[in-house]
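Below is one structure, written out as structure tokens, with a few remarks after it.
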Amino acid sequence: MTAAVFFGCAFIAFGPALALYVFTIATEPLRIIFLIAGAFFWLVSLLISSLVWFMARVIIDNKDGPTQKYLLIFGTFVSVYIQEMFRFAYYRLLKKASEGLKSINPGETAPSMRLLAYVSGLGFGIMSGVFSFVNTLSDSLGPGTVGIHGDSPQFFLYSAFMTLVIILLHVFWGIVFFDGCEKKKWGILLIVLLTHLLVSAQVLPNDCLLGLPSEYSKARDQQYLLTSLVLHASGP
Amino acid sequence: MLAGTVRFARHCLKFFPAQKHACVDFGASRGRAMLTFMASDSEEEVCDERTSLMSAESPTPRSCQEGRQGPEDGENTAQWRSQENEEDGEEDPDRYICSGVPGRPPGLEEELTLKYGAKHVIMLFVPVTLCMIVVVATIKSVRFYTEKNGQLIYTPFTEDTPSVGQRLLNSVLNTLIMISVIVVMTIFLVVLYKYRCYKFIHGWLIMSSLMLLFLFTYIYLGEVLKTYNVAMDYPTLLLTVWNFGAVGMVCIHWKGPLVLQQAYLIMISALMALVFIKYLPEWSAWVILGAISVYDLVAVLCPKGPLRMLVETAQERNEPIFPALIYSSAMVWTVGMAKLDPSSQGALQLPYDPEMEEDSYDSFGEPSYPEVFEPPLTGYPGEELEEEEERGVKLGLGDFIFYSVLVGKAAATGSGDWNTTLACFVAILIGLCLTLLLLAVFKKALPALPISITFGLIFYFSTDNLVRPFMDTLASHQLYI
């Protein structure tokens with residue numbers, strides 16, 4: 001706990017994203033704007049999915065344990081689907097914007113679609129990572145003992161690595177997704193959606209909070225495998 | 001969306017062939033905003049003058065450079081040019097973004113508009129972000145600003161009532177009182193300006209800056225020291241506060257490095273926002289924020305709006321408005337960039353030359369034309385860069401303050417939740433971006449508050465009530481979406 005854990009986990013989770021931001025985005029004002037717009041789109045998608053989850057909860061109105069869990073799973077899947085829909089909406093918006101930019105700056109190179117894909121993916125990723133992790137991070141600054149009631153003591157570390165994975169995955173998904181849209185290969189969009197669902201549903205077999213360290217590492221290894229797969233897919 | 005914007009811009013330029021530059025004003029929200037917060041602060045009666053001063057200031061006539069370096073006010077002859085640029089002009093229009101430069105073909109003008117837009121959006125993002133960071137950091141660490149220690153006299157109704165309906169009624173009444181005080185102050189300001197009571201306004205402005213820079217800083221410093229349990233003896237404290245305040249007065253009202261002036265403006269906006277956050281009761285604060293945006297919209301866009309009248313009066317007289325407090329980013333803002341922009345070195349020299357030209361022309365009694373102020377056209381890329389940097393964006397401090405109040409309130413009442421604060425932050429930035437885009441499209445005075453505050457309010461309430469339980473549940477089960 002306290003400062004060491006705080007800074008360690010913060011840099012594990014947000015270090016690469018920060019480096020990507022500082023070296024590629026911070027120099028160009030237009031990219032910063034697109035990044036923040038991407039973050040905004042992700043935020044709106046989260047808002048809508050929270051609304052759906054909330055309404056489902058109100059409608060079902062059952063305080064039962066398993067029902068709440070199924071509702072959460074339903075909420076997760078709906079959220080993933082809505083996020084991908086908003087990614088597509090952002091793609092359409094960026095397409096129109098880059099056409100506009102091209103038409104007024106014929107001499108200058110407007111940002112390419114690949115670059116915009118990267119920026120939008122990073123925007124989505126940063127917002128997603130921050131929303132998932134920042135509350136946990138602020139709790140880690142205070143005093144306490146992790147896992148004192150029998151839970152895993154690696155909670156913060158695992159969360160930090162998961163956040164890192166999610167941020168990077170969003171970047172790669174963004175690139176792959178936009179590429180699929182550009183080439184009109186709709187199968188790729190489906191693959192992105194499925195891998196996203198796979199990642200989000202990864203944790204479910206571990207029965208959440210009571211995961212043992214070995215299960216943590218298993219889940220983590222699976223995440224890394226998936227990340228590297230998607231990275232290679234987004235490469236070419 | 002942007003393509004549509006560009007087409008529209010081209011369309012507009014066709015209709016104004018004689019007009020060499022279409023300047024867009026940003027509307028009087030700052031003045032009003034300042035009015036709002038000033039009026040609500042019972043400690044600062046003197047600040048009302050400053051508020052009224054701000055809305056009394058009208059933008060200089062429609063010219064890009066002119067807006068920034070307008071004809072000098074008679075009383076400010078001794079002042080530094082760059083300060084005057086900040087001080088004059090764009091009071092009512094919080095931001096004065098000019099699209100197009102005289103003597104350029106229309107295509108280039110539009111291109112400049114858009115490139116101008118992106119860079120200047122960032123030049124506004126950075127100070128707004130900094131102000132919010134200061135406010136949120138203070139709120140989260142210093143307990144003083146979240147404690148309830150009474151209310152201002154402008155919000156007399158308490159919110160400690162048992163029933164929800166009564167509380168709502170009280171907050172609405174508080175808002176009505178506050179807004180009516182603001183309206184009265186604005187009208188008073190218009191009257192003052194119409195009858196040319198410049199010395200009065202100037203003195204008022206100085207008095208209010210004094211109070212802000214000395215008294216509020218002293219209180220703030222005291223609370224921060226208390227929080228971190230750091231002892232400071234009175235002589236040191238006196239020296240510190242005196243230096244801070246004196247340099248601030250010099251920077252803001254006279255001459256000083258631009259960066260220092262910007263830093264001071266950010267600091268005092270943050271201080272005022274903190275005062276608001278402390279002394280406005282919960283529900284009243286949200287209702288006031290909403291009401292202020294509506295009032296902003298009405299006052300700037302309606303023909304009989306006080307701020308619009310103020311703008312028109314100033315334009316008739318061809319005068320700059322008093323400095324009051326406008327944040328000016330006339331230089332390239334290099335904070336947060338990975339590499340230093342080499343052109344920024346050159347840009348530092350720029351604003352002075354045209355100003356000197358303006359000075360010489362003013363002495364002959366000629367109105368200042370924008371062509372006069374353009375630097376010699378050396379080469380396309382260089383000059384373009386120079387032009388962009390010369391056309392600094394100005395944003396009123398009232399906008400800073402209200403944005404920070406919104407984010408600060410979100411941080412203070414969000415039950416320790418950072419997601420709400422971040423959501424409001426992103427919403428406000430996007431609102432600012434959209435407002436600037438609208439400015440480029442409509443090319444007339446627009447208020448800066450409505451869109452951002454609306455987004456901010458929507459995101460605050462929805463994040464606090466819908467997203468927070470969802471994210472908390474997900475986090476407790478370690479689900480990542």
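Note on naming: chains are A, B, ... as they come in the structure tokens, residues start from 1 per chain, ligands start from 1 in the order shown.
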(Q) With only C-alpha atoms considered, list every residue of chain A at most 7 Å from chain B, as number ranges by chain. (A) A: 22-23, 26-27, 29-30, 37, 40, 47, 50-51, 54, 76, 80, 96-97, 99-101, 104-105, 131-132, 134-135, 200, 203, 208-209
Mind writing the picked residues with N, CA, C and O atoms as a CSV table (one decimal), in the first residue's frame?
```
chain,number,residue,atom,x,y,z
A,22,VAL,N,2.9,11.1,-25.0
A,22,VAL,CA,3.9,12.1,-25.1
A,22,VAL,C,4.7,12.1,-26.4
A,22,VAL,O,5.0,13.2,-26.9
A,23,PHE,N,5.0,11.0,-26.9
A,23,PHE,CA,5.9,10.9,-28.1
A,23,PHE,C,5.1,11.0,-29.4
A,23,PHE,O,5.7,11.4,-30.4
A,26,ALA,N,1.2,14.3,-28.3
A,26,ALA,CA,1.2,15.6,-27.7
A,26,ALA,C,1.8,16.7,-28.6
A,26,ALA,O,1.5,17.9,-28.3
A,27,THR,N,2.4,16.4,-29.6
A,27,THR,CA,3.1,17.4,-30.5
A,27,THR,C,2.1,18.0,-31.5
A,27,THR,O,2.3,19.1,-32.0
A,29,PRO,N,-1.7,19.4,-32.3
A,29,PRO,CA,-2.9,19.7,-31.7
A,29,PRO,C,-4.1,19.0,-32.2
A,29,PRO,O,-5.0,18.6,-31.4
A,30,LEU,N,-4.1,18.7,-33.5
A,30,LEU,CA,-5.3,18.0,-34.1
A,30,LEU,C,-5.4,16.6,-33.5
A,30,LEU,O,-6.5,16.1,-33.2
A,37,ALA,N,-11.8,13.5,-28.3
A,37,ALA,CA,-13.1,13.1,-28.8
A,37,ALA,C,-13.3,11.6,-28.7
A,37,ALA,O,-14.4,11.2,-28.5
A,40,PHE,N,-14.3,10.8,-25.3
A,40,PHE,CA,-15.7,11.2,-25.1
A,40,PHE,C,-16.6,10.2,-25.7
A,40,PHE,O,-17.6,9.9,-25.1
A,47,LEU,N,-21.9,5.4,-20.8
A,47,LEU,CA,-23.1,6.0,-20.2
A,47,LEU,C,-24.4,5.2,-20.6
A,47,LEU,O,-25.2,4.8,-19.8
A,50,SER,N,-24.4,1.8,-19.1
A,50,SER,CA,-24.8,1.8,-17.7
A,50,SER,C,-26.3,2.0,-17.6
A,50,SER,O,-26.9,1.4,-16.7
A,51,LEU,N,-26.8,2.8,-18.5
A,51,LEU,CA,-28.3,3.1,-18.5
A,51,LEU,C,-29.0,1.8,-18.7
A,51,LEU,O,-30.0,1.4,-18.0
A,54,PHE,N,-28.7,-0.4,-15.7
A,54,PHE,CA,-29.5,0.1,-14.6
A,54,PHE,C,-31.0,-0.2,-14.8
A,54,PHE,O,-31.7,-0.6,-13.9
A,76,THR,N,-22.1,-6.5,-19.0
A,76,THR,CA,-20.8,-6.5,-19.7
A,76,THR,C,-20.9,-6.7,-21.2
A,76,THR,O,-20.3,-5.9,-22.0
A,80,VAL,N,-19.8,-4.1,-24.1
A,80,VAL,CA,-18.8,-4.3,-25.2
A,80,VAL,C,-19.4,-4.1,-26.5
A,80,VAL,O,-18.8,-3.4,-27.4
A,96,LYS,N,-15.6,11.5,-42.3
A,96,LYS,CA,-16.1,12.7,-42.8
A,96,LYS,C,-15.1,13.9,-42.5
A,96,LYS,O,-14.9,14.8,-43.3
A,97,ALA,N,-14.6,13.8,-41.3
A,97,ALA,CA,-13.6,14.9,-40.9
A,97,ALA,C,-12.4,14.9,-41.7
A,97,ALA,O,-11.9,16.0,-42.2
A,99,GLU,N,-12.1,13.8,-44.7
A,99,GLU,CA,-12.5,14.3,-46.1
A,99,GLU,C,-12.5,15.8,-46.1
A,99,GLU,O,-12.1,16.4,-47.0
A,100,GLY,N,-13.1,16.3,-45.0
A,100,GLY,CA,-13.2,17.8,-44.9
A,100,GLY,C,-11.8,18.4,-44.9
A,100,GLY,O,-11.5,19.4,-45.6
A,101,LEU,N,-10.9,17.8,-44.1
A,101,LEU,CA,-9.6,18.3,-43.9
A,101,LEU,C,-8.8,18.3,-45.3
A,101,LEU,O,-8.1,19.2,-45.7
A,104,ILE,N,-9.9,21.0,-47.8
A,104,ILE,CA,-9.4,22.4,-47.6
A,104,ILE,C,-7.9,22.5,-47.6
A,104,ILE,O,-7.3,23.5,-47.9
A,105,ASN,N,-7.2,21.4,-47.3
A,105,ASN,CA,-5.7,21.4,-47.4
A,105,ASN,C,-5.3,20.4,-48.5
A,105,ASN,O,-4.8,19.4,-48.2
A,131,PHE,N,-11.0,4.8,-16.2
A,131,PHE,CA,-12.3,4.6,-15.5
A,131,PHE,C,-12.2,3.3,-14.7
A,131,PHE,O,-12.8,3.2,-13.7
A,132,SER,N,-11.5,2.3,-15.3
A,132,SER,CA,-11.5,1.0,-14.5
A,132,SER,C,-10.6,1.1,-13.3
A,132,SER,O,-10.9,0.5,-12.3
A,134,VAL,N,-8.8,4.0,-11.8
A,134,VAL,CA,-8.4,5.2,-11.0
A,134,VAL,C,-8.9,5.1,-9.6
A,134,VAL,O,-8.3,5.6,-8.6
A,135,ASN,N,-10.1,4.6,-9.4
A,135,ASN,CA,-10.6,4.5,-8.0
A,135,ASN,C,-9.8,3.5,-7.2
A,135,ASN,O,-9.5,3.8,-6.0
A,200,SER,N,-13.3,-9.6,-22.0
A,200,SER,CA,-14.1,-9.1,-20.8
A,200,SER,C,-14.6,-10.3,-20.1
A,200,SER,O,-14.8,-10.3,-18.9
A,203,VAL,N,-12.5,-13.2,-17.1
A,203,VAL,CA,-12.4,-13.3,-15.6
A,203,VAL,C,-13.5,-14.1,-15.0
A,203,VAL,O,-13.4,-14.6,-13.9
A,208,CYS,N,-14.3,-14.4,-10.0
A,208,CYS,CA,-14.0,-13.0,-9.6
A,208,CYS,C,-13.1,-13.0,-8.4
A,208,CYS,O,-12.0,-13.5,-8.4
A,209,LEU,N,-13.5,-12.4,-7.3
A,209,LEU,CA,-12.6,-11.9,-6.3
A,209,LEU,C,-11.9,-13.0,-5.6
A,209,LEU,O,-10.9,-12.7,-4.9
```
Q) If you run DSSP on the backbone, which residues of region 110-359 of chain B are strand (DSSP E or B), as number ranges by chain? A) B: 326-329
Write a file of the selected residues as a PDB file, in the first residue's frame, keeping N, CA, C and O atoms.
```pdb
ATOM      1  N   ILE B 326      -8.830  38.821 -18.687  1.00  0.00           N
ATOM      2  CA  ILE B 326      -8.988  37.890 -19.789  1.00  0.00           C
ATOM      3  C   ILE B 326      -7.718  37.109 -19.859  1.00  0.00           C
ATOM      4  O   ILE B 326      -6.630  37.676 -19.766  1.00  0.00           O
ATOM      5  N   TYR B 327      -7.872  35.853 -20.084  1.00  0.00           N
ATOM      6  CA  TYR B 327      -6.707  35.026 -20.294  1.00  0.00           C
ATOM      7  C   TYR B 327      -6.327  35.127 -21.760  1.00  0.00           C
ATOM      8  O   TYR B 327      -7.144  34.907 -22.639  1.00  0.00           O
ATOM      9  N   SER B 328      -5.084  35.477 -21.998  1.00  0.00           N
ATOM     10  CA  SER B 328      -4.663  35.603 -23.379  1.00  0.00           C
ATOM     11  C   SER B 328      -3.566  34.613 -23.681  1.00  0.00           C
ATOM     12  O   SER B 328      -2.624  34.469 -22.904  1.00  0.00           O
ATOM     13  N   SER B 329      -3.674  33.949 -24.792  1.00  0.00           N
ATOM     14  CA  SER B 329      -2.634  32.992 -25.154  1.00  0.00           C
ATOM     15  C   SER B 329      -2.048  33.431 -26.477  1.00  0.00           C
ATOM     16  O   SER B 329      -2.093  32.713 -27.463  1.00  0.00           O
TER      17      SER B 329
END
```
Q. Which neighbours of region 67-69 of chain A fall inside 10 Å, counting only C-alpha atoms, when residues of the same chain fewer than 5 positions from it are skipped, and could you give them as a PyMOL selection string?
A. (chain A and resi 57+60-62+74-75+204) or (chain B and resi 473+477)
Using all heavy atoms, can you export the residues from the last selection as a CSV table (one decimal), in the first residue's frame?
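Dumped everything to result_10.csv:
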```
chain,number,residue,atom,x,y,z
A,57,ARG,N,-31.7,-3.8,-14.2
A,57,ARG,CA,-31.8,-4.1,-12.8
A,57,ARG,C,-33.1,-3.6,-12.2
A,57,ARG,O,-33.6,-4.3,-11.3
A,57,ARG,CB,-30.6,-3.4,-12.1
A,57,ARG,CG,-30.1,-4.1,-10.9
A,57,ARG,CD,-28.8,-3.5,-10.4
A,57,ARG,NE,-29.0,-2.2,-10.0
A,57,ARG,CZ,-28.2,-1.6,-9.1
A,57,ARG,NH1,-27.2,-2.3,-8.5
A,57,ARG,NH2,-28.4,-0.4,-8.7
A,60,ILE,N,-35.9,-6.0,-13.4
A,60,ILE,CA,-35.9,-7.4,-12.8
A,60,ILE,C,-36.1,-7.3,-11.3
A,60,ILE,O,-36.7,-8.1,-10.7
A,60,ILE,CB,-34.6,-8.1,-13.1
A,60,ILE,CG1,-34.5,-8.3,-14.7
A,60,ILE,CG2,-34.4,-9.4,-12.4
A,60,ILE,CD1,-33.5,-9.2,-15.1
A,61,ASP,N,-35.4,-6.3,-10.7
A,61,ASP,CA,-35.8,-6.0,-9.3
A,61,ASP,C,-35.7,-7.2,-8.4
A,61,ASP,O,-36.5,-7.4,-7.5
A,61,ASP,CB,-37.2,-5.4,-9.2
A,61,ASP,CG,-37.3,-4.6,-7.9
A,61,ASP,OD1,-36.3,-4.1,-7.4
A,61,ASP,OD2,-38.5,-4.5,-7.4
A,62,ASN,N,-34.6,-7.9,-8.5
A,62,ASN,CA,-34.4,-9.1,-7.7
A,62,ASN,C,-33.1,-8.9,-7.0
A,62,ASN,O,-32.0,-8.8,-7.6
A,62,ASN,CB,-34.4,-10.3,-8.6
A,62,ASN,CG,-34.5,-11.6,-7.8
A,62,ASN,OD1,-34.3,-11.6,-6.6
A,62,ASN,ND2,-34.8,-12.7,-8.4
A,74,PHE,N,-24.7,-9.8,-18.4
A,74,PHE,CA,-25.5,-9.2,-19.4
A,74,PHE,C,-25.0,-7.8,-19.7
A,74,PHE,O,-24.8,-7.3,-20.8
A,74,PHE,CB,-26.9,-9.2,-19.1
A,74,PHE,CG,-27.8,-8.3,-19.9
A,74,PHE,CD1,-28.1,-8.7,-21.2
A,74,PHE,CD2,-28.3,-7.2,-19.4
A,74,PHE,CE1,-28.9,-7.8,-22.0
A,74,PHE,CE2,-29.1,-6.4,-20.1
A,74,PHE,CZ,-29.4,-6.7,-21.4
A,75,GLY,N,-24.8,-7.0,-18.6
A,75,GLY,CA,-24.3,-5.6,-18.7
A,75,GLY,C,-23.0,-5.5,-19.4
A,75,GLY,O,-22.8,-4.7,-20.2
A,204,LEU,N,-14.6,-14.3,-15.8
A,204,LEU,CA,-15.7,-15.0,-15.2
A,204,LEU,C,-15.5,-16.4,-14.6
A,204,LEU,O,-16.0,-16.7,-13.5
A,204,LEU,CB,-16.9,-15.0,-16.2
A,204,LEU,CG,-17.4,-13.6,-16.5
A,204,LEU,CD1,-18.3,-13.6,-17.7
A,204,LEU,CD2,-18.1,-13.0,-15.3
B,473,THR,N,-19.5,-2.0,-9.4
B,473,THR,CA,-19.9,-3.5,-9.4
B,473,THR,C,-18.9,-4.2,-10.3
B,473,THR,O,-18.4,-5.3,-10.0
B,473,THR,CB,-21.3,-3.7,-10.0
B,473,THR,OG1,-22.1,-2.7,-9.5
B,473,THR,CG2,-21.8,-5.0,-9.5
B,477,HIS,N,-15.9,-7.1,-9.1
B,477,HIS,CA,-15.8,-8.4,-9.7
B,477,HIS,C,-14.6,-8.5,-10.6
B,477,HIS,O,-14.5,-9.5,-11.3
B,477,HIS,CB,-17.1,-8.8,-10.4
B,477,HIS,CG,-18.2,-9.0,-9.5
B,477,HIS,ND1,-19.0,-8.0,-9.0
B,477,HIS,CD2,-18.7,-10.1,-8.9
B,477,HIS,CE1,-19.9,-8.5,-8.2
B,477,HIS,NE2,-19.8,-9.8,-8.1
```
Q: Might you pull out every residue within 12 Å of Gly8 (chain A), with only C-alpha atoms counted and same-chain residues fewer than 4 positions away left off, and present them as a PyMOL selection string?
A: chain A and resi 1-4+12-15+137+140-141+156-161
Prev. selection, C-alpha atoms, output as an mmCIF file, in the first residue's frame:
```
data_model
loop_
_atom_site.group_PDB
_atom_site.id
_atom_site.type_symbol
_atom_site.label_atom_id
_atom_site.label_comp_id
_atom_site.auth_asym_id
_atom_site.auth_seq_id
_atom_site.Cartn_x
_atom_site.Cartn_y
_atom_site.Cartn_z
ATOM 1 C CA MET A 1 0.000 0.000 0.000
ATOM 2 C CA THR A 2 0.847 3.683 0.111
ATOM 3 C CA ALA A 3 3.208 5.445 -2.217
ATOM 4 C CA ALA A 4 5.248 2.541 -3.506
ATOM 5 C CA ILE A 12 2.449 -0.225 -14.826
ATOM 6 C CA ALA A 13 -1.057 0.599 -15.895
ATOM 7 C CA PHE A 14 -0.544 3.979 -17.541
ATOM 8 C CA GLY A 15 3.158 4.111 -18.373
ATOM 9 C CA LEU A 137 -5.438 3.433 -7.473
ATOM 10 C CA SER A 140 -4.026 2.089 -2.815
ATOM 11 C CA LEU A 141 -2.548 5.367 -1.598
ATOM 12 C CA PHE A 156 -3.481 -4.172 -7.161
ATOM 13 C CA LEU A 157 -0.800 -5.677 -9.337
ATOM 14 C CA TYR A 158 -3.282 -7.769 -11.232
ATOM 15 C CA SER A 159 -5.591 -4.826 -11.727
ATOM 16 C CA ALA A 160 -2.698 -2.712 -12.967
ATOM 17 C CA PHE A 161 -1.640 -5.298 -15.502
#
```
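Between CA of His202 (chain B) and CA of Ser293 (chain B) there is a distance of 27.3 Å.
Of note, CA of Gly142 (chain A) and CA of Phe155 (chain A) are spaced 14.9 Å apart.
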Q: Extract, using only C-alpha atoms, all DNA, RNA and protein residues at most 9 Å from Arg31 (chain A), discarding same-chain residues fewer than 5 positions from it, and format them as a PyMOL selection string.
A: chain A and resi 24-26+36+111+115-116+119
Tell me, as a short mmCIF file (atom, residue, chain, number, x, y, z; two decimals) with N, CA and C atoms, in the first residue's frame, which residues lie within 12 Å of Val134 (chain B), counting only C-alpha atoms; anything in the same chain fewer than 2 positions away does not count.
```cif
data_model
loop_
_atom_site.label_atom_id
_atom_site.label_comp_id
_atom_site.auth_asym_id
_atom_site.auth_seq_id
_atom_site.Cartn_x
_atom_site.Cartn_y
_atom_site.Cartn_z
N PRO B 127 -4.68 25.80 -20.33
CA PRO B 127 -4.96 26.55 -19.11
C PRO B 127 -6.22 26.11 -18.38
N VAL B 128 -7.25 25.72 -19.15
CA VAL B 128 -8.47 25.25 -18.49
C VAL B 128 -8.16 23.99 -17.69
N THR B 129 -7.38 23.09 -18.30
CA THR B 129 -6.99 21.87 -17.59
C THR B 129 -6.19 22.20 -16.34
N LEU B 130 -5.24 23.11 -16.47
CA LEU B 130 -4.41 23.47 -15.31
C LEU B 130 -5.26 24.03 -14.18
N CYS B 131 -6.19 24.91 -14.54
CA CYS B 131 -7.05 25.50 -13.51
C CYS B 131 -7.85 24.41 -12.81
N MET B 132 -8.40 23.49 -13.61
CA MET B 132 -9.18 22.42 -13.01
C MET B 132 -8.32 21.52 -12.13
N VAL B 136 -9.18 20.77 -8.32
CA VAL B 136 -9.47 19.41 -7.87
C VAL B 136 -8.44 18.95 -6.84
N ALA B 137 -7.17 19.27 -7.09
CA ALA B 137 -6.13 18.88 -6.13
C ALA B 137 -6.40 19.51 -4.77
N THR B 138 -6.78 20.79 -4.78
CA THR B 138 -7.06 21.46 -3.51
C THR B 138 -8.27 20.84 -2.83
N ILE B 139 -9.32 20.61 -3.60
CA ILE B 139 -10.55 20.06 -3.01
C ILE B 139 -10.27 18.70 -2.38
N LYS B 140 -9.48 17.90 -3.08
CA LYS B 140 -9.27 16.55 -2.59
C LYS B 140 -8.33 16.50 -1.39
N SER B 141 -7.51 17.51 -1.22
CA SER B 141 -6.55 17.42 -0.13
C SER B 141 -6.86 18.35 1.04
N VAL B 142 -7.33 19.56 0.75
CA VAL B 142 -7.56 20.53 1.81
C VAL B 142 -9.01 20.44 2.26
N TYR B 220 -5.83 30.84 1.48
CA TYR B 220 -5.49 29.58 0.81
C TYR B 220 -4.19 29.01 1.36
N ALA B 263 -0.10 32.45 -15.67
CA ALA B 263 -0.11 31.66 -14.43
C ALA B 263 -0.91 32.37 -13.34
N ILE B 266 -4.62 32.07 -14.02
CA ILE B 266 -5.10 30.74 -13.69
C ILE B 266 -5.25 30.61 -12.18
N MET B 267 -4.25 31.10 -11.45
CA MET B 267 -4.31 30.99 -9.98
C MET B 267 -5.50 31.72 -9.41
N ILE B 268 -5.75 32.95 -9.88
CA ILE B 268 -6.86 33.67 -9.28
C ILE B 268 -8.20 33.08 -9.71
N SER B 269 -8.27 32.52 -10.91
CA SER B 269 -9.51 31.84 -11.28
C SER B 269 -9.75 30.66 -10.36
N ALA B 270 -8.67 29.92 -10.10
CA ALA B 270 -8.82 28.77 -9.21
C ALA B 270 -9.25 29.21 -7.81
N LEU B 271 -8.66 30.30 -7.33
CA LEU B 271 -9.03 30.78 -6.00
C LEU B 271 -10.50 31.16 -5.94
N MET B 272 -10.96 31.87 -6.96
CA MET B 272 -12.37 32.26 -6.97
C MET B 272 -13.27 31.05 -7.05
N ALA B 273 -12.87 30.08 -7.89
CA ALA B 273 -13.70 28.88 -8.00
C ALA B 273 -13.79 28.16 -6.66
N LEU B 274 -12.67 28.13 -5.94
CA LEU B 274 -12.67 27.48 -4.63
C LEU B 274 -13.61 28.19 -3.66
N PHE B 400 -13.33 30.18 -17.07
CA PHE B 400 -12.43 29.36 -16.27
C PHE B 400 -13.07 29.01 -14.93
N ILE B 401 -13.60 30.07 -14.32
CA ILE B 401 -14.12 29.89 -12.97
C ILE B 401 -15.29 28.93 -12.95
N SER B 404 -14.28 25.37 -13.57
CA SER B 404 -13.62 24.80 -12.39
C SER B 404 -14.61 24.56 -11.27
N VAL B 405 -15.63 25.41 -11.16
CA VAL B 405 -16.64 25.19 -10.12
C VAL B 405 -17.35 23.87 -10.39
N VAL B 407 -16.30 21.20 -12.10
CA VAL B 407 -15.45 20.04 -11.85
C VAL B 407 -15.12 19.92 -10.36
N GLY B 408 -14.93 21.04 -9.71
CA GLY B 408 -14.62 21.01 -8.29
C GLY B 408 -15.78 20.48 -7.47
N ALA B 411 -15.87 16.88 -7.82
CA ALA B 411 -14.85 16.23 -7.00
C ALA B 411 -15.22 16.26 -5.53
#
```
Q. Smallest atom-to-atom distance to Arg317 (chain B): which of B:Lys194, B:Lys226, B:Phe216, B:Glu282, using only C-alpha atoms?
A. B:Lys194
(Q) When you look at Gly125 (chain A) with a cut-off of 8 Å (counting only C-alpha atoms), what residues show up, excluding the ones that are within fewer than 2 positions of it in the same chain? I need them as a ChimeraX atom specification. (A) /A:39,121-123,127-129,166-171
Would you mind exporting the chosen residues as a tab-separated table (two decimals), in the first residue's frame, restricted to C-alpha atoms?
```tsv
chain	number	residue	atom	x	y	z
A	39	ALA	CA	-12.36	9.41	-25.05
A	121	GLY	CA	-7.93	3.48	-30.17
A	122	LEU	CA	-5.67	5.23	-27.71
A	123	GLY	CA	-8.48	7.59	-26.74
A	127	MET	CA	-10.54	6.45	-20.99
A	128	SER	CA	-11.37	2.81	-20.41
A	129	GLY	CA	-8.24	2.21	-18.39
A	166	ILE	CA	-7.01	-3.27	-21.86
A	167	ILE	CA	-5.45	0.02	-22.93
A	168	LEU	CA	-3.14	-1.65	-25.41
A	169	LEU	CA	-5.89	-3.89	-26.66
A	170	HIS	CA	-8.09	-0.89	-27.35
A	171	VAL	CA	-5.32	0.64	-29.41
```
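The gap separating CA of Val287 (chain B) from CA of Lys394 (chain B) is 27.4 Å, in Å to one decimal.
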